[in-house]
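*Asks:* This is the content of coords33.csv (CSV, C-alpha atoms (C1' of nucleotides)):
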```csv
chain,number,residue,atom,x,y,z
A,52,MET,CA,27.1,-2.3,16.3
A,53,SER,CA,29.8,0.0,17.7
A,54,ASP,CA,27.2,2.4,19.1
A,55,LEU,CA,25.4,0.0,21.2
A,56,ALA,CA,26.7,1.9,24.2
A,57,ALA,CA,25.0,5.0,23.0
A,58,ILE,CA,21.8,3.1,22.5
A,59,ALA,CA,22.0,1.6,25.9
A,60,VAL,CA,21.7,4.9,27.6
A,61,GLU,CA,18.6,5.9,25.7
A,62,VAL,CA,15.4,6.3,27.6
A,63,SER,CA,12.7,3.8,27.3
A,64,PRO,CA,10.2,3.9,24.4
A,65,SER,CA,7.4,5.0,26.6
A,66,GLU,CA,9.5,7.7,28.2
A,67,ARG,CA,10.6,8.8,24.8
A,68,PHE,CA,7.0,8.8,23.7
A,69,ARG,CA,5.9,10.8,26.7
A,70,GLU,CA,8.6,13.4,25.9
A,71,TYR,CA,7.4,13.7,22.3
A,72,LEU,CA,3.8,14.0,23.3
A,73,ALA,CA,4.7,16.7,25.7
A,74,THR,CA,6.2,18.8,22.9
A,75,GLN,CA,2.8,18.5,21.3
A,76,GLY,CA,0.8,19.5,24.3
A,77,LYS,CA,-0.4,15.9,24.7
A,78,ARG,CA,-0.2,13.3,27.4
A,79,LEU,CA,0.8,9.8,27.8
A,80,THR,CA,-2.5,8.3,28.8
A,81,SER,CA,-3.0,4.8,30.2
A,82,GLU,CA,-4.2,3.7,26.8
A,83,ARG,CA,-1.2,5.0,25.0
A,84,ALA,CA,1.1,3.6,27.7
A,85,ILE,CA,-0.4,0.1,27.2
A,86,ILE,CA,0.0,0.4,23.4
A,87,VAL,CA,3.7,1.5,23.5
A,88,ASP,CA,4.4,-1.2,26.0
A,89,GLU,CA,2.9,-3.8,23.8
A,90,VAL,CA,4.4,-2.5,20.7
A,91,PHE,CA,7.9,-2.6,22.2
A,92,ALA,CA,7.3,-5.9,24.0
A,93,SER,CA,8.7,-7.7,21.0
A,94,HIS,CA,10.9,-6.6,18.2
A,95,GLU,CA,8.8,-8.4,15.5
A,96,HIS,CA,7.3,-6.7,12.6
A,97,PHE,CA,3.5,-6.2,12.9
A,98,ASP,CA,0.5,-4.6,11.4
A,99,ALA,CA,-2.4,-2.9,13.1
A,100,GLU,CA,-4.6,-6.0,13.2
A,101,GLN,CA,-2.0,-8.0,14.9
A,102,LEU,CA,-1.4,-5.4,17.4
A,103,VAL,CA,-5.1,-5.3,18.1
A,104,ALA,CA,-5.1,-9.0,18.6
A,105,ARG,CA,-2.1,-8.8,21.0
A,106,LEU,CA,-3.8,-6.1,23.0
A,107,VAL,CA,-7.0,-7.9,23.5
A,108,GLN,CA,-5.0,-10.8,25.0
A,109,ARG,CA,-3.7,-8.5,27.7
A,110,THR,CA,-5.4,-8.4,31.1
A,111,ASP,CA,-4.9,-4.8,31.8
A,112,LYS,CA,-7.7,-3.0,33.5
A,113,THR,CA,-8.0,-0.7,30.5
A,114,ARG,CA,-9.1,-1.9,27.2
A,115,VAL,CA,-8.2,0.1,24.1
A,116,SER,CA,-10.3,0.6,21.1
A,117,ARG,CA,-9.3,0.1,17.6
A,118,SER,CA,-9.5,3.8,16.9
A,119,THR,CA,-7.1,4.6,19.7
A,120,ILE,CA,-4.7,2.1,18.4
A,121,TYR,CA,-4.6,3.6,15.0
A,122,ARG,CA,-4.3,7.0,16.4
A,123,ALA,CA,-1.5,5.9,18.6
A,124,LEU,CA,0.4,4.2,15.7
A,125,ALA,CA,0.3,7.5,13.8
A,126,GLU,CA,1.6,9.3,16.9
A,127,LEU,CA,4.3,6.8,17.4
A,128,GLU,CA,5.4,7.2,13.8
A,129,LYS,CA,5.5,11.0,14.1
A,130,ALA,CA,7.5,10.5,17.3
A,131,GLY,CA,10.0,8.5,15.4
A,132,LEU,CA,9.4,5.4,17.5
A,133,LEU,CA,7.9,3.4,14.6
A,134,ARG,CA,8.1,3.4,10.9
A,135,LYS,CA,6.2,1.6,8.2
A,136,VAL,CA,8.5,-0.8,6.4
A,137,ALA,CA,6.3,-2.5,3.8
A,138,ARG,CA,2.8,-3.3,2.9
A,139,THR,CA,1.6,-6.9,2.9
A,140,ASN,CA,-1.9,-8.1,2.2
A,141,ASP,CA,-3.2,-4.6,2.1
A,142,ARG,CA,-1.9,-3.9,5.5
A,143,GLU,CA,0.8,-1.5,6.6
A,144,ILE,CA,3.6,-3.2,8.3
A,145,TYR,CA,5.4,-1.4,11.2
A,146,GLU,CA,8.7,-1.9,12.9
A,147,HIS,CA,10.6,-0.2,15.7
A,148,ASP,CA,12.5,2.8,14.6
A,149,TYR,CA,14.0,3.6,18.0
A,150,GLY,CA,17.1,2.3,19.3
A,151,TYR,CA,17.7,0.1,16.3
A,152,PRO,CA,20.0,0.7,13.4
A,153,GLN,CA,18.8,1.4,10.0
A,154,HIS,CA,18.3,-1.6,7.8
A,155,ASP,CA,16.4,-3.0,4.9
A,156,HIS,CA,14.4,-6.1,4.1
A,157,LEU,CA,14.3,-9.2,2.0
A,158,ILE,CA,10.7,-10.3,1.5
A,159,CYS,CA,9.8,-13.8,0.5
A,160,LYS,CA,7.1,-13.9,-2.1
A,161,LYS,CA,6.1,-17.4,-1.0
A,162,CYS,CA,6.0,-17.3,2.8
A,163,GLY,CA,6.0,-13.6,3.2
A,164,GLU,CA,8.9,-13.7,5.7
A,165,LEU,CA,10.7,-10.4,6.3
A,166,THR,CA,14.4,-10.7,6.8
A,167,GLU,CA,16.4,-7.7,7.9
A,168,PHE,CA,19.8,-6.9,6.5
A,169,GLN,CA,22.2,-4.0,6.8
A,170,ASN,CA,24.5,-2.6,4.3
A,171,PRO,CA,26.4,0.6,4.9
A,172,GLU,CA,27.3,1.1,1.2
A,173,LEU,CA,23.7,1.5,0.4
A,174,LYS,CA,23.3,4.6,2.3
A,175,GLU,CA,26.3,6.1,0.7
A,176,ILE,CA,25.1,5.4,-2.7
A,177,LEU,CA,21.7,6.8,-2.0
A,178,GLN,CA,23.2,9.9,-0.6
A,179,GLY,CA,25.3,10.3,-3.8
A,180,VAL,CA,22.2,9.9,-5.9
A,181,ALA,CA,20.2,12.3,-3.9
A,182,ALA,CA,22.9,14.9,-4.0
A,183,ALA,CA,23.1,14.6,-7.8
A,184,TYR,CA,19.4,15.5,-8.0
A,185,GLY,CA,19.5,18.2,-5.4
A,186,PHE,CA,17.1,16.0,-3.4
A,187,ARG,CA,17.2,16.2,0.4
A,188,MET,CA,17.0,12.6,1.4
A,189,GLU,CA,15.2,11.9,4.6
A,190,GLY,CA,14.8,8.2,4.5
A,191,HIS,CA,14.2,5.3,2.2
A,192,ARG,CA,12.3,2.1,1.9
A,193,LEU,CA,13.9,-0.8,0.2
A,194,GLU,CA,12.2,-4.2,-0.2
A,195,VAL,CA,14.1,-6.9,-2.0
A,196,SER,CA,11.6,-9.5,-3.2
A,197,GLY,CA,12.2,-13.1,-4.2
A,198,ILE,CA,12.3,-16.5,-2.6
A,199,CYS,CA,13.9,-17.2,0.7
A,200,ALA,CA,16.3,-20.0,1.3
A,201,ASN,CA,13.7,-22.0,3.1
A,202,CYS,CA,11.1,-21.8,0.4
A,203,SER,CA,13.5,-22.4,-2.5
A,204,ARG,CA,15.1,-25.4,-0.9
A,205,PRO,CA,13.5,-28.8,-1.6
A,206,PRO,CA,12.6,-29.0,-5.2
A,207,SER,CA,13.3,-32.7,-4.9
A,208,ARG,CA,10.7,-34.0,-7.3
A,209,GLY,CA,7.2,-34.1,-6.1
A,210,HIS,CA,7.5,-32.2,-2.9
A,211,ARG,CA,7.0,-28.9,-4.5
A,212,LYS,CA,3.5,-27.7,-4.4
A,213,LEU,CA,2.9,-25.2,-7.2
A,214,ASP,CA,-0.4,-24.0,-5.8
A,215,MET,CA,-1.3,-20.3,-5.6
A,216,ILE,CA,-2.9,-19.4,-8.8
B,16,MET,CA,17.8,6.4,-23.3
B,17,SER,CA,20.9,4.8,-24.7
B,18,ASP,CA,19.3,1.4,-25.4
B,19,LEU,CA,16.3,2.6,-27.4
B,20,ALA,CA,17.6,0.6,-30.3
B,21,ALA,CA,17.3,-2.6,-28.3
B,22,ILE,CA,13.8,-1.6,-27.3
B,23,ALA,CA,12.8,-1.0,-30.8
B,24,VAL,CA,13.2,-4.6,-31.8
B,25,GLU,CA,11.0,-5.9,-29.1
B,26,VAL,CA,7.4,-6.7,-30.0
B,27,SER,CA,4.8,-4.2,-29.1
B,28,PRO,CA,3.2,-4.2,-25.6
B,29,SER,CA,-0.1,-5.3,-26.9
B,30,GLU,CA,1.5,-8.1,-28.9
B,31,ARG,CA,3.4,-9.1,-25.9
B,32,PHE,CA,0.2,-9.0,-23.8
B,33,ARG,CA,-1.6,-11.1,-26.4
B,34,GLU,CA,1.1,-13.7,-26.1
B,35,TYR,CA,0.9,-13.8,-22.4
B,36,LEU,CA,-2.8,-14.1,-22.4
B,37,ALA,CA,-2.6,-16.9,-24.9
B,38,THR,CA,-0.5,-18.9,-22.5
B,39,GLN,CA,-3.4,-18.5,-20.0
B,40,GLY,CA,-6.0,-19.5,-22.4
B,41,LYS,CA,-7.3,-16.0,-22.5
B,42,ARG,CA,-7.8,-13.5,-25.3
B,43,LEU,CA,-6.8,-9.9,-26.1
B,44,THR,CA,-10.3,-8.5,-26.3
B,45,SER,CA,-11.0,-5.0,-27.7
B,46,GLU,CA,-11.3,-3.7,-24.2
B,47,ARG,CA,-7.9,-5.1,-23.2
B,48,ALA,CA,-6.4,-3.8,-26.4
B,49,ILE,CA,-7.6,-0.3,-25.7
B,50,ILE,CA,-6.3,-0.5,-22.2
B,51,VAL,CA,-2.8,-1.6,-23.1
B,52,ASP,CA,-2.7,1.0,-25.8
B,53,GLU,CA,-3.6,3.7,-23.4
B,54,VAL,CA,-1.3,2.4,-20.8
B,55,PHE,CA,1.6,2.5,-23.1
B,56,ALA,CA,0.7,5.7,-24.8
B,57,SER,CA,2.9,7.6,-22.4
B,58,HIS,CA,5.7,6.6,-20.1
B,59,GLU,CA,4.4,8.5,-17.1
B,60,HIS,CA,3.6,6.9,-13.8
B,61,PHE,CA,-0.1,6.5,-13.2
B,62,ASP,CA,-2.6,5.0,-10.9
B,63,ALA,CA,-5.9,3.3,-11.7
B,64,GLU,CA,-7.9,6.4,-11.3
B,65,GLN,CA,-5.8,8.4,-13.7
B,66,LEU,CA,-6.0,5.6,-16.2
B,67,VAL,CA,-9.8,5.6,-15.9
B,68,ALA,CA,-9.8,9.3,-16.5
B,69,ARG,CA,-7.6,8.9,-19.6
B,70,LEU,CA,-9.8,6.1,-20.9
B,71,VAL,CA,-13.0,8.1,-20.7
B,72,GLN,CA,-11.4,10.8,-22.8
B,73,ARG,CA,-10.8,8.4,-25.6
B,74,THR,CA,-13.3,8.3,-28.5
B,75,ASP,CA,-13.1,4.6,-29.1
B,76,LYS,CA,-16.3,2.9,-30.0
B,77,THR,CA,-15.8,0.6,-27.0
B,78,ARG,CA,-16.0,2.0,-23.5
B,79,VAL,CA,-14.3,0.1,-20.7
B,80,SER,CA,-15.6,-0.3,-17.2
B,81,ARG,CA,-13.6,0.3,-14.1
B,82,SER,CA,-13.8,-3.4,-13.2
B,83,THR,CA,-12.3,-4.3,-16.5
B,84,ILE,CA,-9.5,-1.8,-16.0
B,85,TYR,CA,-8.6,-3.1,-12.6
B,86,ARG,CA,-8.7,-6.7,-14.0
B,87,ALA,CA,-6.5,-5.7,-16.9
B,88,LEU,CA,-4.0,-4.0,-14.6
B,89,ALA,CA,-3.7,-7.1,-12.7
B,90,GLU,CA,-3.2,-9.1,-15.8
B,91,LEU,CA,-0.6,-6.7,-17.2
B,92,GLU,CA,1.3,-7.0,-14.0
B,93,LYS,CA,1.3,-10.8,-14.2
B,94,ALA,CA,2.3,-10.5,-17.8
B,95,GLY,CA,5.3,-8.5,-16.7
B,96,LEU,CA,4.3,-5.4,-18.6
B,97,LEU,CA,3.6,-3.3,-15.6
B,98,ARG,CA,4.8,-3.1,-12.1
B,99,LYS,CA,3.7,-1.3,-9.0
B,100,VAL,CA,6.3,1.2,-8.0
B,101,ALA,CA,4.9,2.9,-5.0
B,102,ARG,CA,1.8,3.9,-3.2
B,103,THR,CA,0.8,7.5,-3.0
B,104,ASN,CA,-2.4,8.8,-1.4
B,105,ASP,CA,-3.6,5.3,-0.9
B,106,ARG,CA,-3.3,4.5,-4.5
B,107,GLU,CA,-1.1,2.0,-6.1
B,108,ILE,CA,1.2,3.6,-8.6
B,109,TYR,CA,2.2,1.7,-11.8
B,110,GLU,CA,4.9,2.1,-14.3
B,111,HIS,CA,6.0,0.3,-17.4
B,112,ASP,CA,8.0,-2.8,-16.8
B,113,TYR,CA,8.5,-3.7,-20.4
B,114,GLY,CA,11.2,-2.4,-22.6
B,115,TYR,CA,12.6,-0.1,-20.0
B,116,PRO,CA,15.7,-0.4,-17.8
B,117,GLN,CA,15.4,-1.2,-14.2
B,118,HIS,CA,15.5,1.9,-12.0
B,119,ASP,CA,14.4,3.3,-8.7
B,120,HIS,CA,12.7,6.4,-7.4
B,121,LEU,CA,13.1,9.6,-5.4
B,122,ILE,CA,9.7,10.5,-3.9
B,123,CYS,CA,9.1,14.0,-2.7
B,124,LYS,CA,7.1,14.1,0.5
B,125,LYS,CA,5.8,17.5,-0.3
B,126,CYS,CA,4.7,17.4,-3.9
B,127,GLY,CA,4.6,13.7,-4.4
B,128,GLU,CA,6.8,13.9,-7.5
B,129,LEU,CA,8.5,10.7,-8.6
B,130,THR,CA,11.9,11.0,-10.1
B,131,GLU,CA,13.6,8.0,-11.6
B,132,PHE,CA,17.2,7.3,-11.2
B,133,GLN,CA,19.5,4.5,-12.1
B,134,ASN,CA,22.4,3.1,-10.3
B,135,PRO,CA,24.2,0.0,-11.4
B,136,GLU,CA,26.1,-0.5,-8.1
B,137,LEU,CA,22.8,-0.9,-6.3
B,138,LYS,CA,21.9,-4.1,-8.1
B,139,GLU,CA,25.4,-5.5,-7.4
B,140,ILE,CA,25.1,-4.8,-3.7
B,141,LEU,CA,21.7,-6.3,-3.5
B,142,GLN,CA,22.8,-9.4,-5.3
B,143,GLY,CA,25.6,-9.7,-2.8
B,144,VAL,CA,23.2,-9.4,0.1
B,145,ALA,CA,20.8,-11.8,-1.4
B,146,ALA,CA,23.5,-14.4,-2.0
B,147,ALA,CA,24.6,-14.0,1.6
B,148,TYR,CA,21.2,-15.0,2.8
B,149,GLY,CA,20.6,-17.8,0.2
B,150,PHE,CA,17.8,-15.6,-1.0
B,151,ARG,CA,16.8,-15.8,-4.7
B,152,MET,CA,16.3,-12.2,-5.6
B,153,GLU,CA,13.7,-11.6,-8.2
B,154,GLY,CA,13.3,-7.8,-7.9
B,155,HIS,CA,13.2,-4.9,-5.6
B,156,ARG,CA,11.4,-1.8,-4.8
B,157,LEU,CA,13.4,1.2,-3.5
B,158,GLU,CA,11.8,4.5,-2.7
B,159,VAL,CA,14.0,7.3,-1.4
B,160,SER,CA,11.9,9.8,0.4
B,161,GLY,CA,12.7,13.4,1.1
B,162,ILE,CA,12.2,16.8,-0.4
B,163,CYS,CA,12.8,17.5,-4.1
B,164,ALA,CA,15.0,20.3,-5.3
B,165,ASN,CA,12.0,22.3,-6.3
B,166,CYS,CA,10.2,22.0,-3.0
B,167,SER,CA,13.2,22.7,-0.8
B,168,ARG,CA,14.0,25.9,-2.6
B,169,PRO,CA,12.6,29.0,-1.0
B,170,PRO,CA,9.0,29.2,0.1
B,171,SER,CA,8.5,31.5,-2.8
B,172,ARG,CA,6.2,29.2,-4.7
B,173,GLY,CA,6.4,25.6,-3.9
B,174,HIS,CA,5.1,22.6,-5.7
B,175,ARG,CA,1.5,21.8,-5.0
B,176,LYS,CA,0.1,18.9,-6.8
B,177,LEU,CA,-0.4,16.1,-4.4
B,178,ASP,CA,-2.9,14.5,-6.7
B,179,MET,CA,-0.8,14.2,-9.7
B,180,ILE,CA,2.1,11.9,-10.1
C,258,DA,C1',-13.7,24.6,33.3
C,259,DT,C1',-11.0,23.5,29.3
C,260,DG,C1',-9.1,21.1,26.0
C,261,DA,C1',-7.2,16.6,25.1
C,262,DG,C1',-8.6,11.7,24.7
C,263,DT,C1',-11.5,7.8,24.0
C,264,DG,C1',-15.1,4.5,22.2
C,265,DC,C1',-18.5,3.7,18.9
C,266,DA,C1',-20.5,3.7,14.8
C,267,DA,C1',-20.6,5.4,10.5
C,268,DA,C1',-17.8,7.0,6.7
C,269,DA,C1',-14.2,6.9,3.2
C,270,DA,C1',-11.5,5.2,-0.5
C,271,DG,C1',-9.6,2.0,-3.4
C,272,DT,C1',-10.1,-2.4,-5.1
C,273,DT,C1',-12.6,-6.8,-5.6
C,274,DT,C1',-16.3,-9.8,-6.6
C,275,DG,C1',-21.1,-12.0,-7.6
C,276,DC,C1',-24.0,-12.3,-11.2
C,277,DA,C1',-26.5,-12.1,-15.5
C,278,DC,C1',-25.7,-11.3,-20.0
C,279,DC,C1',-22.6,-11.3,-24.3
C,280,DG,C1',-19.8,-13.0,-27.8
C,281,DC,C1',-15.8,-15.6,-29.5
C,282,DT,C1',-14.2,-20.1,-31.0
D,298,DA,C1',-22.6,-25.3,-26.8
D,299,DG,C1',-19.0,-23.9,-23.7
D,300,DC,C1',-16.2,-20.4,-21.7
D,301,DG,C1',-14.0,-16.5,-21.2
D,302,DG,C1',-15.1,-11.5,-20.7
D,303,DT,C1',-17.7,-7.5,-19.4
D,304,DG,C1',-20.6,-4.0,-16.8
D,305,DC,C1',-23.0,-2.9,-12.8
D,306,DA,C1',-23.7,-2.7,-8.3
D,307,DA,C1',-22.9,-4.5,-4.0
D,308,DA,C1',-19.4,-6.0,-1.1
D,309,DC,C1',-15.0,-5.7,1.3
D,310,DT,C1',-10.9,-4.2,3.7
D,311,DT,C1',-8.3,-1.3,6.1
D,312,DT,C1',-8.0,3.1,8.1
D,313,DT,C1',-10.2,7.6,9.2
D,314,DT,C1',-13.5,10.6,11.3
D,315,DG,C1',-17.7,12.9,13.6
D,316,DC,C1',-19.7,13.0,17.8
D,317,DA,C1',-20.8,12.9,22.6
D,318,DC,C1',-18.9,11.8,26.8
D,319,DT,C1',-15.0,11.4,30.1
D,320,DC,C1',-11.0,12.9,32.5
D,321,DA,C1',-6.8,15.1,33.9
D,322,DT,C1',-4.9,19.5,35.0
```
I'd like the structure from this file rewritten - as structure tokens, please.
*Replies:*
Amino acid sequence: MSDLAAIAVEVSPSERFREYLATQGKRLTSERAIIVDEVFASHEHFDAEQLVARLVQRTDKTRVSRSTIYRALAELEKAGLLRKVARTNDREIYEHDYGYPQHDHLICKKCGELTEFQNPELKEILQGVAAAYGFRMEGHRLEVSGICANCSRPPSRGHRKLDMI
Amino acid sequence: MSDLAAIAVEVSPSERFREYLATQGKRLTSERAIIVDEVFASHEHFDAEQLVARLVQRTDKTRVSRSTIYRALAELEKAGLLRKVARTNDREIYEHDYGYPQHDHLICKKCGELTEFQNPELKEILQGVAAAYGFRMEGHRLEVSGICANCSRPPSRGHRKLDMI
DNA sequence: ATGAGTGCAAAAAGTTTGCACCGCT
DNA sequence: AGCGGTGCAAACTTTTTGCACTCAT
């Protein structure tokens, strides 16, 4: 958290995106602007389908097609603004990768909730491992699966529903 | 490799599978037997497509359909004999989860190679994290992405086998 | 004008499922 | 007989792509 100051002076996601696109000879169109805006409107994890849903709610003059959304997500990923964190129900889950510290996730097998956590030792260990294999580490994806506190709580006889075959 | 002795005394994968199936009121059919056999014939990572390919090579009297293979993979996973380790080229990658120690992977972005590694500290850290969140950890999936030693070497002659694992 | 960008519909690709038939138990 | 199991083909899901048109520079 000590580098929040540095983060604070970063440019806005859409500005950052515009810069990236420029390096690729591309432009920040109104469709793309709407998408970045919506994507960074909340810090929640999301998948393409949810983003589509959020976008149709909007009352912008421009409506964006599904194709454009997928294409934009790919660009945002290349631009380093988004990253895929997991895959749930056959859908790729995205999260902001701009202005936020690196972290990993606890994924509840029951309710599907994603909880972020940070652990600096982790990165060190991975760097050590990578070095040992002459591997140039660029990133990682760690999902710890299990049952979240909420879901494992009340096993108080009879309240547990053991459905889900 | 140091605990091969311990592994040796465990029952065979197919026996283990039979036991699991029994608890589900199901049977180890000849098709399933062939599949488990082939799956455990080598310790390499594989995806459904590759397994199908290996199975058509076999000269068994029985031929198994793709559907049955997919259904068997799902059962093997539930039985705890297999687990999904990653997803490459839109395909789910499986590996043995029976008789082998827990480990994680380095995944090369260029050639797709999966390298296994083991690090005991990792589990400790994760247990600590989980405990802090009241999360009941059951497992984890860690993929370290980057460029493998082979691919980062000179451009002389890089790896090129995106389709094989 | 020129090339990037978009929407639409169709295509892909991997995996799942409905269904009729088969074969244990 | 009663079910679980299988093969086949059709269905599905998410994501990608071909194409013709539009638009900013």
*Asks:* How close does each residue of chain D get to chain B, giving the shortest atom pair and distance in Å to one decimal for every residue with an atom at most 7 Å away, counting all atoms listed in the file, sorted by chain and residue number, as a Markdown table?
*Replies:*
```
| residue | atom | partner | partner_atom | distance |
| --- | --- | --- | --- | --- |
| D:DG301 | C1' | B:Lys41 | CA | 6.8 |
| D:DT303 | C1' | B:Thr83 | CA | 6.9 |
| D:DG304 | C1' | B:Ser80 | CA | 6.2 |
```
*Asks:* When you get a sec, could you note down which chain C residues fall within 12 Å of chain A, using all atoms listed in the file, as JSON, numbers by chain?
*Replies:* {"C": [260, 261, 262, 263, 264, 265, 266, 271, 272]}
*Asks:* Let me make sure I understand: if you superpose chain B onto chain A using all C-alpha atoms paired in order, what RMSD in Å results?
*Replies:*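 Across all paired C-alpha atoms, the RMSD is 3.5 Å.
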*Asks:* Pick from A:Asp88, A:Glu66, A:Glu61, A:Asp98: nearest to D:DT312, with only C-alpha atoms (C1' of nucleotides) counted?
*Replies:*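 Under the stated criterion, the closest residue is A:Asp98.
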*Asks:* Only residues of chain A matter here; which ones have an atom within 7 Å of chain B, counting only C-alpha atoms? Give them as an NGL selection string.
*Replies:* :A and (185-200)
